[in-house]
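Written below as structure tokens is the structure these notes are about.
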Amino acid sequence: MATDDGQPRVCRRNVLQSAGAAGAVGLAGLSGCLSSLSGGGSDVSDLSVGYTTSLSGPFAVFGQAGLDGAELAAADLEEELDVSIDISTGDTEVNPSTGLQRIKRLVTEEEIDFAMGGVSSSVALKMGTWASDNSVTYMATGAHSDAVSGGSCATHMYQPTAANSMLANTIGEQMVGAGDSWYLIYSDYTWGQTAQQAVTSALEDGGKEVVGTAAAPFPNDDYTPYLNEAADSDADGIGMLIAGLDLRKAANQAMAKGIQDDYTLAMHQLEDVVYWGLDKENAGILDTAGQVWGPAVDNEASNQFAERIAENADTDPYVRHLLGYMSMDQAVRAAVRADSTAAEDMRGELVGHEVSSKIKDIKGGGDMYWRENNQLVQPTFSVEARPQEEMEDDPYKRWFQTTETFAGDDVVRPLSETGCDLE
């Protein structure tokens, strides 16, 4: 491959070779090289994409689902746009330092054109900041922290999913109506921290009180102390802002204590797969949650997508499949529109772009567009558990139902409140 001026793209490997085993040149030399060469080609018929995500550890089921969705999108895009898409993967192991090593390898050795992936927001921020600093487009596929499109935003890092504040505003009305006082338990890292802040703001804006919060280490096996604190607070409701499969543990422990009988339980981000590990009675404790997408979204395009995932993946369809699909769909289409994989050229085709591809239909229509802070504004959904006797398992699991659809503009933060300025 060549740069815009026709010179061979050999600089990245040359820098690594000259650094030697001791890495004498270091990233200072590499950064300048990447800035001038990364994604500089104008031939987009043969694309190389790096997908860095958690393929082992507590988030492996989430990472694999995102990758499955991205691979399905690549197949669709190859057929529609007459391009070839090669996907190289890297396992972040839910560790920011490991994630950084993986994305560096994909950029410097595999010479990918752009990158995507990530489940943990902390890991995604580490990878996305480095990628942006080195002029590599990065889609933070499954990172919901407000920091991604807020205070830690970066020019070439994008948030294709709904930020925490969007999901918090999605369930804010239901939480406000369900109780006057709330106790919030949250995972103590950037995703949980920004979730707690966003849900607190939504409740206080509705005139309700957050009587206490508990920062739970993540991952964690025992949420009983935090549930006891919540019960002792005499709050009307408990917000369980707990990440990944840990929410399954917390839900089981809440059931064991009988908390669901005395409190309204709200989970700000529904991941269907978390509840499939429970029996249907325990899964039914969910009173309200926000969701980017899931099989609860009932329209023709959504159902067709869910059926394709059920046929082609090892896990029943849920939100992570669509996040991977959206990331690949939007990145590849931006490169094709720009006729370039240069990060600045792709940004010119993303910011302000109104989405019209099939992902809009899957989400049921409504405006979808990229804002100046690299956030994909999109519809969100509030959901609740179906009655146990109505939970479906065939042809794929459908245990939840939507209660309301929200326009993206109605739940997204004003730009002035994001703390992000990329202009």
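Going by the structure tokens order, chains are called A, B, ..., each with residues numbered from 1, while ligands are numbered from 1 in the order shown.
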inquiry  = Quick one: residues within 9 Å of stretch 293-299 of chain A, only C-alpha atoms, excluding same-chain residues fewer than 5 positions away - as a ChimeraX atom specification?
reply    = /A:270-272,304,306,317-320,322-323,361-364,379-381,383,396-402
When DSSP is applied to the backbone of this structure, which of stretch 125-373 of chain A are assigned alpha helix (DSSP H)? Write them out as an mmCIF file with N, CA and C atoms, in the first residue's frame.
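Result file follows (out-v9.cif):
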```cif
data_model
loop_
_atom_site.group_PDB
_atom_site.id
_atom_site.type_symbol
_atom_site.label_atom_id
_atom_site.label_comp_id
_atom_site.auth_asym_id
_atom_site.auth_seq_id
_atom_site.Cartn_x
_atom_site.Cartn_y
_atom_site.Cartn_z
ATOM 1 N N LEU A 125 -10.896 3.632 26.187
ATOM 2 C CA LEU A 125 -10.307 4.974 26.268
ATOM 3 C C LEU A 125 -8.803 4.930 26.076
ATOM 4 N N LYS A 126 -8.158 3.940 26.654
ATOM 5 C CA LYS A 126 -6.705 3.806 26.498
ATOM 6 C C LYS A 126 -6.348 3.566 25.034
ATOM 7 N N MET A 127 -7.035 2.661 24.393
ATOM 8 C CA MET A 127 -6.750 2.340 22.994
ATOM 9 C C MET A 127 -7.137 3.499 22.085
ATOM 10 N N GLY A 128 -8.316 4.076 22.333
ATOM 11 C CA GLY A 128 -8.809 5.130 21.449
ATOM 12 C C GLY A 128 -7.984 6.392 21.509
ATOM 13 N N THR A 129 -7.492 6.734 22.685
ATOM 14 C CA THR A 129 -6.647 7.919 22.811
ATOM 15 C C THR A 129 -5.352 7.733 22.045
ATOM 16 N N TRP A 130 -4.744 6.555 22.188
ATOM 17 C CA TRP A 130 -3.509 6.297 21.444
ATOM 18 C C TRP A 130 -3.760 6.304 19.940
ATOM 19 N N ALA A 131 -4.826 5.650 19.524
ATOM 20 C CA ALA A 131 -5.134 5.608 18.092
ATOM 21 C C ALA A 131 -5.338 7.012 17.546
ATOM 22 N N SER A 132 -6.104 7.822 18.247
ATOM 23 C CA SER A 132 -6.365 9.180 17.776
ATOM 24 C C SER A 132 -5.080 9.996 17.719
ATOM 25 N N ASP A 133 -4.235 9.866 18.743
ATOM 26 C CA ASP A 133 -2.964 10.601 18.753
ATOM 27 C C ASP A 133 -2.091 10.235 17.569
ATOM 28 N N ASN A 164 -23.635 6.727 28.508
ATOM 29 C CA ASN A 164 -24.346 6.490 29.767
ATOM 30 C C ASN A 164 -25.453 7.500 30.020
ATOM 31 N N SER A 165 -25.183 8.772 29.734
ATOM 32 C CA SER A 165 -26.181 9.805 29.991
ATOM 33 C C SER A 165 -27.423 9.591 29.140
ATOM 34 N N MET A 166 -27.267 9.077 27.919
ATOM 35 C CA MET A 166 -28.416 8.801 27.073
ATOM 36 C C MET A 166 -29.270 7.684 27.673
ATOM 37 N N LEU A 167 -28.621 6.642 28.194
ATOM 38 C CA LEU A 167 -29.363 5.542 28.799
ATOM 39 C C LEU A 167 -29.986 5.960 30.124
ATOM 40 N N ALA A 168 -29.267 6.804 30.878
ATOM 41 C CA ALA A 168 -29.824 7.294 32.143
ATOM 42 C C ALA A 168 -31.059 8.143 31.895
ATOM 43 N N ASN A 169 -30.995 9.014 30.895
ATOM 44 C CA ASN A 169 -32.166 9.837 30.570
ATOM 45 C C ASN A 169 -33.309 8.990 30.026
ATOM 46 N N THR A 170 -32.977 7.855 29.431
ATOM 47 C CA THR A 170 -33.999 6.949 28.916
ATOM 48 C C THR A 170 -34.855 6.379 30.036
ATOM 49 N N ILE A 171 -34.225 6.035 31.164
ATOM 50 C CA ILE A 171 -34.983 5.446 32.270
ATOM 51 C C ILE A 171 -35.317 6.462 33.351
ATOM 52 N N GLY A 172 -34.858 7.701 33.169
ATOM 53 C CA GLY A 172 -35.086 8.711 34.197
ATOM 54 C C GLY A 172 -36.548 8.917 34.510
ATOM 55 N N GLU A 173 -37.377 8.991 33.469
ATOM 56 C CA GLU A 173 -38.801 9.232 33.676
ATOM 57 C C GLU A 173 -39.440 8.102 34.472
ATOM 58 N N GLN A 174 -39.061 6.851 34.133
ATOM 59 C CA GLN A 174 -39.630 5.713 34.856
ATOM 60 C C GLN A 174 -39.156 5.698 36.305
ATOM 61 N N MET A 175 -37.897 6.006 36.537
ATOM 62 C CA MET A 175 -37.368 6.020 37.897
ATOM 63 C C MET A 175 -38.000 7.138 38.718
ATOM 64 N N VAL A 176 -38.162 8.285 38.093
ATOM 65 C CA VAL A 176 -38.797 9.407 38.786
ATOM 66 C C VAL A 176 -40.220 9.044 39.192
ATOM 67 N N GLY A 177 -40.913 8.357 38.306
ATOM 68 C CA GLY A 177 -42.291 7.986 38.602
ATOM 69 C C GLY A 177 -42.417 6.841 39.581
ATOM 70 N N ALA A 178 -41.336 6.060 39.727
ATOM 71 C CA ALA A 178 -41.419 4.859 40.554
ATOM 72 C C ALA A 178 -41.062 5.093 42.011
ATOM 73 N N THR A 190 -14.669 3.752 35.167
ATOM 74 C CA THR A 190 -15.222 4.892 34.424
ATOM 75 C C THR A 190 -16.650 4.679 33.937
ATOM 76 N N TRP A 191 -16.987 3.455 33.486
ATOM 77 C CA TRP A 191 -18.371 3.209 33.053
ATOM 78 C C TRP A 191 -19.341 3.414 34.206
ATOM 79 N N GLY A 192 -19.091 2.759 35.340
ATOM 80 C CA GLY A 192 -19.996 2.862 36.473
ATOM 81 C C GLY A 192 -20.022 4.251 37.082
ATOM 82 N N GLN A 193 -18.873 4.899 37.112
ATOM 83 C CA GLN A 193 -18.794 6.244 37.687
ATOM 84 C C GLN A 193 -19.635 7.234 36.882
ATOM 85 N N THR A 194 -19.503 7.193 35.559
ATOM 86 C CA THR A 194 -20.294 8.122 34.752
ATOM 87 C C THR A 194 -21.766 7.720 34.719
ATOM 88 N N ALA A 195 -22.049 6.412 34.869
ATOM 89 C CA ALA A 195 -23.450 5.967 34.970
ATOM 90 C C ALA A 195 -24.086 6.533 36.233
ATOM 91 N N GLN A 196 -23.363 6.446 37.348
ATOM 92 C CA GLN A 196 -23.884 6.970 38.611
ATOM 93 C C GLN A 196 -24.146 8.471 38.520
ATOM 94 N N GLN A 197 -23.226 9.192 37.911
ATOM 95 C CA GLN A 197 -23.390 10.639 37.755
ATOM 96 C C GLN A 197 -24.596 10.962 36.878
ATOM 97 N N ALA A 198 -24.751 10.200 35.789
ATOM 98 C CA ALA A 198 -25.836 10.467 34.855
ATOM 99 C C ALA A 198 -27.193 10.139 35.469
ATOM 100 N N VAL A 199 -27.292 8.999 36.157
ATOM 101 C CA VAL A 199 -28.562 8.622 36.781
ATOM 102 C C VAL A 199 -28.909 9.586 37.912
ATOM 103 N N THR A 200 -27.914 9.991 38.690
ATOM 104 C CA THR A 200 -28.153 10.975 39.756
ATOM 105 C C THR A 200 -28.710 12.264 39.180
ATOM 106 N N SER A 201 -28.124 12.741 38.087
ATOM 107 C CA SER A 201 -28.603 13.977 37.452
ATOM 108 C C SER A 201 -30.039 13.830 36.974
ATOM 109 N N ALA A 202 -30.349 12.678 36.353
ATOM 110 C CA ALA A 202 -31.702 12.454 35.849
ATOM 111 C C ALA A 202 -32.715 12.455 36.988
ATOM 112 N N LEU A 203 -32.361 11.839 38.110
ATOM 113 C CA LEU A 203 -33.282 11.786 39.255
ATOM 114 C C LEU A 203 -33.446 13.165 39.887
ATOM 115 N N GLU A 204 -32.342 13.854 40.095
ATOM 116 C CA GLU A 204 -32.417 15.171 40.726
ATOM 117 C C GLU A 204 -33.139 16.173 39.841
ATOM 118 N N ASP A 205 -32.944 16.061 38.524
ATOM 119 C CA ASP A 205 -33.680 16.942 37.611
ATOM 120 C C ASP A 205 -35.180 16.683 37.707
ATOM 121 N N THR A 224 -23.641 -8.511 48.536
ATOM 122 C CA THR A 224 -24.539 -8.483 49.693
ATOM 123 C C THR A 224 -24.330 -7.263 50.585
ATOM 124 N N PRO A 225 -23.082 -6.873 50.911
ATOM 125 C CA PRO A 225 -22.906 -5.686 51.758
ATOM 126 C C PRO A 225 -23.535 -4.433 51.164
ATOM 127 N N TYR A 226 -23.450 -4.287 49.858
ATOM 128 C CA TYR A 226 -23.998 -3.093 49.206
ATOM 129 C C TYR A 226 -25.526 -3.157 49.160
ATOM 130 N N LEU A 227 -26.054 -4.354 48.957
ATOM 131 C CA LEU A 227 -27.505 -4.530 48.994
ATOM 132 C C LEU A 227 -28.047 -4.280 50.402
ATOM 133 N N ASN A 228 -27.287 -4.691 51.412
ATOM 134 C CA ASN A 228 -27.699 -4.424 52.799
ATOM 135 C C ASN A 228 -27.735 -2.922 53.072
ATOM 136 N N GLU A 229 -26.709 -2.215 52.588
ATOM 137 C CA GLU A 229 -26.679 -0.760 52.761
ATOM 138 C C GLU A 229 -27.882 -0.115 52.081
ATOM 139 N N ALA A 230 -28.190 -0.596 50.895
ATOM 140 C CA ALA A 230 -29.334 -0.050 50.163
ATOM 141 C C ALA A 230 -30.628 -0.303 50.922
ATOM 142 N N ALA A 231 -30.777 -1.518 51.463
ATOM 143 C CA ALA A 231 -31.987 -1.850 52.211
ATOM 144 C C ALA A 231 -32.097 -1.015 53.486
ATOM 145 N N ASP A 232 -30.960 -0.768 54.124
ATOM 146 C CA ASP A 232 -30.963 0.026 55.358
ATOM 147 C C ASP A 232 -31.244 1.506 55.105
ATOM 148 N N ASP A 246 -21.421 -9.436 36.314
ATOM 149 C CA ASP A 246 -21.564 -9.164 37.741
ATOM 150 C C ASP A 246 -23.001 -8.795 38.103
ATOM 151 N N LEU A 247 -23.718 -8.213 37.151
ATOM 152 C CA LEU A 247 -25.111 -7.871 37.418
ATOM 153 C C LEU A 247 -25.936 -9.127 37.674
ATOM 154 N N ARG A 248 -25.548 -10.218 37.035
ATOM 155 C CA ARG A 248 -26.231 -11.492 37.265
ATOM 156 C C ARG A 248 -26.033 -11.926 38.722
ATOM 157 N N LYS A 249 -24.801 -11.804 39.214
ATOM 158 C CA LYS A 249 -24.524 -12.162 40.608
ATOM 159 C C LYS A 249 -25.347 -11.286 41.549
ATOM 160 N N ALA A 250 -25.338 -9.983 41.277
ATOM 161 C CA ALA A 250 -26.055 -9.057 42.151
ATOM 162 C C ALA A 250 -27.557 -9.327 42.138
ATOM 163 N N ALA A 251 -28.096 -9.653 40.967
ATOM 164 C CA ALA A 251 -29.525 -9.939 40.869
ATOM 165 C C ALA A 251 -29.883 -11.196 41.659
ATOM 166 N N ASN A 252 -29.058 -12.233 41.551
ATOM 167 C CA ASN A 252 -29.304 -13.455 42.322
ATOM 168 C C ASN A 252 -29.263 -13.182 43.821
ATOM 169 N N GLN A 253 -28.294 -12.359 44.242
ATOM 170 C CA GLN A 253 -28.160 -12.040 45.659
ATOM 171 C C GLN A 253 -29.322 -11.164 46.135
ATOM 172 N N ALA A 254 -29.814 -10.290 45.255
ATOM 173 C CA ALA A 254 -30.988 -9.493 45.608
ATOM 174 C C ALA A 254 -32.212 -10.384 45.788
ATOM 175 N N MET A 255 -32.360 -11.363 44.895
ATOM 176 C CA MET A 255 -33.480 -12.297 45.017
ATOM 177 C C MET A 255 -33.391 -13.099 46.313
ATOM 178 N N ALA A 256 -32.176 -13.516 46.670
ATOM 179 C CA ALA A 256 -31.991 -14.304 47.879
ATOM 180 C C ALA A 256 -32.404 -13.521 49.121
ATOM 181 N N LYS A 257 -32.248 -12.206 49.053
ATOM 182 C CA LYS A 257 -32.630 -11.354 50.180
ATOM 183 C C LYS A 257 -34.091 -10.927 50.122
ATOM 184 N N ASP A 272 -29.236 -8.375 27.648
ATOM 185 C CA ASP A 272 -30.077 -9.561 27.777
ATOM 186 C C ASP A 272 -29.298 -10.782 28.263
ATOM 187 N N VAL A 273 -28.078 -10.954 27.765
ATOM 188 C CA VAL A 273 -27.302 -12.150 28.070
ATOM 189 C C VAL A 273 -27.077 -12.308 29.568
ATOM 190 N N VAL A 274 -27.042 -11.202 30.298
ATOM 191 C CA VAL A 274 -26.871 -11.265 31.751
ATOM 192 C C VAL A 274 -28.010 -12.055 32.385
ATOM 193 N N TYR A 275 -29.215 -11.842 31.916
ATOM 194 C CA TYR A 275 -30.400 -12.441 32.533
ATOM 195 C C TYR A 275 -30.654 -13.849 32.044
ATOM 196 N N TRP A 276 -30.122 -14.195 30.872
ATOM 197 C CA TRP A 276 -30.306 -15.559 30.392
ATOM 198 C C TRP A 276 -29.609 -16.567 31.293
ATOM 199 N N LYS A 280 -36.085 -17.835 34.762
ATOM 200 C CA LYS A 280 -37.003 -16.803 34.297
ATOM 201 C C LYS A 280 -37.642 -16.035 35.451
ATOM 202 N N GLU A 281 -37.844 -16.696 36.565
ATOM 203 C CA GLU A 281 -38.403 -15.996 37.713
ATOM 204 C C GLU A 281 -37.459 -14.905 38.197
ATOM 205 N N ASN A 282 -36.177 -15.240 38.304
ATOM 206 C CA ASN A 282 -35.203 -14.252 38.748
ATOM 207 C C ASN A 282 -35.006 -13.158 37.714
ATOM 208 N N ALA A 283 -35.046 -13.518 36.433
ATOM 209 C CA ALA A 283 -34.905 -12.513 35.384
ATOM 210 C C ALA A 283 -36.064 -11.528 35.417
ATOM 211 N N GLU A 300 -39.731 -5.386 11.535
ATOM 212 C CA GLU A 300 -39.302 -6.374 10.544
ATOM 213 C C GLU A 300 -37.790 -6.436 10.405
ATOM 214 N N ALA A 301 -37.133 -5.274 10.264
ATOM 215 C CA ALA A 301 -35.681 -5.258 10.076
ATOM 216 C C ALA A 301 -34.969 -5.784 11.320
ATOM 217 N N SER A 302 -35.460 -5.398 12.499
ATOM 218 C CA SER A 302 -34.861 -5.858 13.749
ATOM 219 C C SER A 302 -35.005 -7.376 13.885
ATOM 220 N N ASN A 303 -36.167 -7.878 13.592
ATOM 221 C CA ASN A 303 -36.393 -9.318 13.707
ATOM 222 C C ASN A 303 -35.544 -10.105 12.706
ATOM 223 N N GLN A 304 -35.381 -9.575 11.506
ATOM 224 C CA GLN A 304 -34.544 -10.241 10.508
ATOM 225 C C GLN A 304 -33.086 -10.277 10.958
ATOM 226 N N PHE A 305 -32.618 -9.151 11.517
ATOM 227 C CA PHE A 305 -31.245 -9.105 12.023
ATOM 228 C C PHE A 305 -31.065 -10.115 13.142
ATOM 229 N N ALA A 306 -32.016 -10.157 14.062
ATOM 230 C CA ALA A 306 -31.929 -11.109 15.173
ATOM 231 C C ALA A 306 -31.901 -12.547 14.667
ATOM 232 N N GLU A 307 -32.694 -12.845 13.650
ATOM 233 C CA GLU A 307 -32.718 -14.195 13.091
ATOM 234 C C GLU A 307 -31.377 -14.557 12.465
ATOM 235 N N ARG A 308 -30.754 -13.588 11.789
ATOM 236 C CA ARG A 308 -29.449 -13.848 11.161
ATOM 237 C C ARG A 308 -28.389 -14.105 12.221
ATOM 238 N N ILE A 309 -28.425 -13.345 13.303
ATOM 239 C CA ILE A 309 -27.476 -13.573 14.390
ATOM 240 C C ILE A 309 -27.697 -14.959 14.988
ATOM 241 N N ALA A 310 -28.944 -15.315 15.213
ATOM 242 C CA ALA A 310 -29.252 -16.626 15.784
ATOM 243 C C ALA A 310 -28.720 -17.761 14.910
ATOM 244 N N GLU A 311 -28.703 -17.542 13.594
ATOM 245 C CA GLU A 311 -28.232 -18.554 12.658
ATOM 246 C C GLU A 311 -26.713 -18.604 12.558
ATOM 247 N N ASN A 312 -26.046 -17.476 12.806
ATOM 248 C CA ASN A 312 -24.616 -17.370 12.509
ATOM 249 C C ASN A 312 -23.703 -17.221 13.723
ATOM 250 N N VAL A 319 -27.673 -6.887 22.364
ATOM 251 C CA VAL A 319 -27.195 -5.578 21.943
ATOM 252 C C VAL A 319 -25.779 -5.598 21.390
ATOM 253 N N ARG A 320 -24.875 -6.413 21.945
ATOM 254 C CA ARG A 320 -23.474 -6.371 21.507
ATOM 255 C C ARG A 320 -23.315 -6.763 20.043
ATOM 256 N N HIS A 321 -24.196 -7.623 19.551
ATOM 257 C CA HIS A 321 -24.127 -7.979 18.136
ATOM 258 C C HIS A 321 -24.364 -6.751 17.265
ATOM 259 N N LEU A 322 -25.355 -5.951 17.625
ATOM 260 C CA LEU A 322 -25.631 -4.764 16.819
ATOM 261 C C LEU A 322 -24.522 -3.724 16.968
ATOM 262 N N LEU A 323 -23.919 -3.602 18.149
ATOM 263 C CA LEU A 323 -22.845 -2.618 18.318
ATOM 264 C C LEU A 323 -21.668 -2.941 17.407
ATOM 265 N N GLY A 324 -21.311 -4.224 17.306
ATOM 266 C CA GLY A 324 -20.249 -4.607 16.380
ATOM 267 C C GLY A 324 -20.643 -4.347 14.942
ATOM 268 N N TYR A 325 -21.900 -4.648 14.613
ATOM 269 C CA TYR A 325 -22.392 -4.416 13.260
ATOM 270 C C TYR A 325 -22.357 -2.927 12.925
ATOM 271 N N MET A 326 -22.824 -2.088 13.856
ATOM 272 C CA MET A 326 -22.863 -0.642 13.605
ATOM 273 C C MET A 326 -21.465 -0.071 13.417
ATOM 274 N N SER A 327 -20.501 -0.525 14.233
ATOM 275 C CA SER A 327 -19.144 -0.003 14.143
ATOM 276 C C SER A 327 -18.541 -0.282 12.773
ATOM 277 N N MET A 328 -18.667 -1.516 12.313
ATOM 278 C CA MET A 328 -18.121 -1.866 11.003
ATOM 279 C C MET A 328 -18.875 -1.130 9.897
ATOM 280 N N ASP A 329 -20.186 -1.101 9.983
ATOM 281 C CA ASP A 329 -21.014 -0.439 8.980
ATOM 282 C C ASP A 329 -20.618 1.024 8.812
ATOM 283 N N GLN A 330 -20.493 1.736 9.922
ATOM 284 C CA GLN A 330 -20.230 3.171 9.844
ATOM 285 C C GLN A 330 -18.799 3.495 9.445
ATOM 286 N N ALA A 331 -17.841 2.728 9.916
ATOM 287 C CA ALA A 331 -16.448 2.991 9.562
ATOM 288 C C ALA A 331 -16.188 2.712 8.089
ATOM 289 N N VAL A 332 -16.660 1.572 7.602
ATOM 290 C CA VAL A 332 -16.413 1.217 6.199
ATOM 291 C C VAL A 332 -17.126 2.189 5.263
ATOM 292 N N ARG A 333 -18.355 2.532 5.569
ATOM 293 C CA ARG A 333 -19.088 3.462 4.709
ATOM 294 C C ARG A 333 -18.414 4.839 4.681
ATOM 295 N N ALA A 334 -17.873 5.273 5.820
ATOM 296 C CA ALA A 334 -17.176 6.561 5.851
ATOM 297 C C ALA A 334 -15.932 6.519 4.973
ATOM 298 N N ALA A 335 -15.184 5.414 5.019
ATOM 299 C CA ALA A 335 -13.991 5.281 4.193
ATOM 300 C C ALA A 335 -14.351 5.274 2.703
ATOM 301 N N VAL A 336 -15.431 4.577 2.367
ATOM 302 C CA VAL A 336 -15.853 4.512 0.960
ATOM 303 C C VAL A 336 -16.325 5.881 0.478
ATOM 304 N N ARG A 337 -17.092 6.601 1.311
ATOM 305 C CA ARG A 337 -17.530 7.942 0.910
ATOM 306 C C ARG A 337 -16.335 8.873 0.716
ATOM 307 N N ALA A 338 -15.348 8.734 1.590
ATOM 308 C CA ALA A 338 -14.162 9.598 1.511
ATOM 309 C C ALA A 338 -13.198 9.135 0.437
ATOM 310 N N ALA A 343 -7.424 9.189 8.594
ATOM 311 C CA ALA A 343 -8.316 9.492 9.710
ATOM 312 C C ALA A 343 -9.042 10.818 9.529
ATOM 313 N N GLU A 344 -8.365 11.833 9.059
ATOM 314 C CA GLU A 344 -9.007 13.135 8.893
ATOM 315 C C GLU A 344 -10.054 13.092 7.793
ATOM 316 N N ASP A 345 -9.769 12.344 6.734
ATOM 317 C CA ASP A 345 -10.750 12.210 5.651
ATOM 318 C C ASP A 345 -11.994 11.468 6.140
ATOM 319 N N MET A 346 -11.788 10.419 6.933
ATOM 320 C CA MET A 346 -12.931 9.682 7.463
ATOM 321 C C MET A 346 -13.747 10.548 8.421
ATOM 322 N N ARG A 347 -13.059 11.369 9.220
ATOM 323 C CA ARG A 347 -13.794 12.248 10.135
ATOM 324 C C ARG A 347 -14.674 13.224 9.354
ATOM 325 N N GLY A 348 -14.175 13.686 8.219
ATOM 326 C CA GLY A 348 -14.966 14.586 7.395
ATOM 327 C C GLY A 348 -16.241 13.948 6.882
ATOM 328 N N GLU A 349 -16.247 12.610 6.796
ATOM 329 C CA GLU A 349 -17.426 11.897 6.321
ATOM 330 C C GLU A 349 -18.292 11.344 7.458
ATOM 331 N N LEU A 350 -17.801 11.452 8.690
ATOM 332 C CA LEU A 350 -18.574 10.985 9.830
ATOM 333 C C LEU A 350 -19.301 12.125 10.542
ATOM 334 N N LYS A 358 -28.911 0.217 6.827
ATOM 335 C CA LYS A 358 -29.903 -0.679 7.425
ATOM 336 C C LYS A 358 -29.905 -0.637 8.945
ATOM 337 N N ILE A 359 -28.836 -0.126 9.587
ATOM 338 C CA ILE A 359 -28.861 -0.058 11.052
ATOM 339 C C ILE A 359 -29.969 0.880 11.535
ATOM 340 N N LYS A 360 -30.306 1.857 10.728
ATOM 341 C CA LYS A 360 -31.410 2.755 11.091
ATOM 342 C C LYS A 360 -32.725 1.986 11.106
ATOM 343 N N ASP A 361 -32.924 1.127 10.128
ATOM 344 C CA ASP A 361 -34.151 0.320 10.083
ATOM 345 C C ASP A 361 -34.199 -0.683 11.227
ATOM 346 N N ILE A 362 -33.050 -1.268 11.563
ATOM 347 C CA ILE A 362 -32.999 -2.235 12.649
ATOM 348 C C ILE A 362 -33.457 -1.588 13.950
#
```
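The smallest atom-to-atom distance between A:Ala115 and any of A:Val148, A:Ala154, A:Val136, A:Cys420, using only C-alpha atoms, is found for A:Val136.
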Which residues of stretch 201-231 of chain A have any atom within 12 Å of an atom in stretch 54-71 of chain A when counting only C-alpha atoms, and what is the closest pair of atoms for each, with the distance in Å to one decimal? Order the rows by chain and rising number and write it as JSON lines.
```
{"residue": "A:Phe218", "atom": "CA", "partner": "A:Pro58", "partner_atom": "CA", "distance": 10.3}
{"residue": "A:Pro219", "atom": "CA", "partner": "A:Pro58", "partner_atom": "CA", "distance": 8.1}
{"residue": "A:Asn220", "atom": "CA", "partner": "A:Pro58", "partner_atom": "CA", "distance": 10.7}
{"residue": "A:Asp221", "atom": "CA", "partner": "A:Pro58", "partner_atom": "CA", "distance": 11.8}
```
query = How would you write, as number ranges by chain, the set of residues in stretch 210-419 of chain A that DSSP gives as strand (DSSP E or B)?
reply = A: 210-216, 237-241, 264-267, 288-291, 354, 369-370, 375-377, 380-385, 392, 398, 400-406
task = Could you give me, as a VMD selection string, the residues within 10 Å of A:Asp234, counting only C-alpha atoms and dropping anything in the same chain fewer than 6 positions from it?
result = chain A and resid 181 to 183 211 262 to 263
Only all heavy atoms, please: the residues just picked out, written as a CSV table (one decimal), in the first residue's frame.
```csv
chain,number,residue,atom,x,y,z
A,181,SER,N,-37.1,8.4,46.4
A,181,SER,CA,-35.8,8.3,46.9
A,181,SER,C,-35.1,7.0,46.4
A,181,SER,O,-35.8,6.0,46.2
A,181,SER,CB,-35.7,8.3,48.4
A,181,SER,OG,-36.5,7.2,48.9
A,182,TRP,N,-33.8,7.1,46.1
A,182,TRP,CA,-33.1,6.1,45.4
A,182,TRP,C,-31.7,5.8,46.1
A,182,TRP,O,-31.1,6.8,46.5
A,182,TRP,CB,-32.9,6.3,43.9
A,182,TRP,CG,-34.2,6.2,43.2
A,182,TRP,CD1,-35.2,7.1,43.1
A,182,TRP,CD2,-34.6,5.0,42.5
A,182,TRP,NE1,-36.2,6.6,42.3
A,182,TRP,CE2,-35.9,5.4,41.9
A,182,TRP,CE3,-34.1,3.8,42.2
A,182,TRP,CZ2,-36.6,4.4,41.2
A,182,TRP,CZ3,-34.8,2.9,41.5
A,182,TRP,CH2,-36.0,3.2,40.9
A,183,TYR,N,-31.3,4.6,46.1
A,183,TYR,CA,-29.9,4.2,46.5
A,183,TYR,C,-29.3,3.6,45.2
A,183,TYR,O,-29.9,2.7,44.6
A,183,TYR,CB,-30.0,3.2,47.6
A,183,TYR,CG,-28.6,3.0,48.2
A,183,TYR,CD1,-28.2,3.7,49.4
A,183,TYR,CD2,-27.7,2.1,47.7
A,183,TYR,CE1,-27.0,3.6,50.0
A,183,TYR,CE2,-26.4,1.9,48.3
A,183,TYR,CZ,-26.1,2.7,49.4
A,183,TYR,OH,-24.9,2.5,50.0
A,211,VAL,N,-30.4,9.1,48.1
A,211,VAL,CA,-30.1,9.1,49.5
A,211,VAL,C,-28.7,8.4,49.8
A,211,VAL,O,-28.2,8.6,50.9
A,211,VAL,CB,-31.2,8.4,50.3
A,211,VAL,CG1,-32.5,9.1,50.1
A,211,VAL,CG2,-31.3,6.9,49.9
A,262,ASP,N,-39.7,-5.5,48.0
A,262,ASP,CA,-39.9,-4.2,48.7
A,262,ASP,C,-39.4,-3.0,48.0
A,262,ASP,O,-39.7,-1.9,48.4
A,262,ASP,CB,-39.1,-4.3,50.1
A,262,ASP,CG,-39.6,-5.5,50.9
A,262,ASP,OD1,-40.9,-5.6,51.0
A,262,ASP,OD2,-38.8,-6.2,51.5
A,263,TYR,N,-38.7,-3.2,46.9
A,263,TYR,CA,-38.0,-2.0,46.2
A,263,TYR,C,-38.3,-2.1,44.7
A,263,TYR,O,-38.3,-3.2,44.2
A,263,TYR,CB,-36.5,-2.0,46.5
A,263,TYR,CG,-36.2,-1.8,48.0
A,263,TYR,CD1,-36.0,-3.0,48.8
A,263,TYR,CD2,-36.1,-0.6,48.6
A,263,TYR,CE1,-35.7,-2.9,50.1
A,263,TYR,CE2,-35.8,-0.5,49.9
A,263,TYR,CZ,-35.6,-1.6,50.7
A,263,TYR,OH,-35.3,-1.5,52.0
```
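If only C-alpha atoms are the atoms counted, then among A:Val210, A:Val377, A:Val83, A:Ala124 the closest residue to A:Gly179 is A:Val210.
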query = Do you know which residues are at most 6 Å from A:Gly117 counting only C-alpha atoms, after dropping those on the same chain fewer than 2 positions away, and could you put them as an MDAnalysis selection string?
reply = chainID A and resid 51:53 140:141
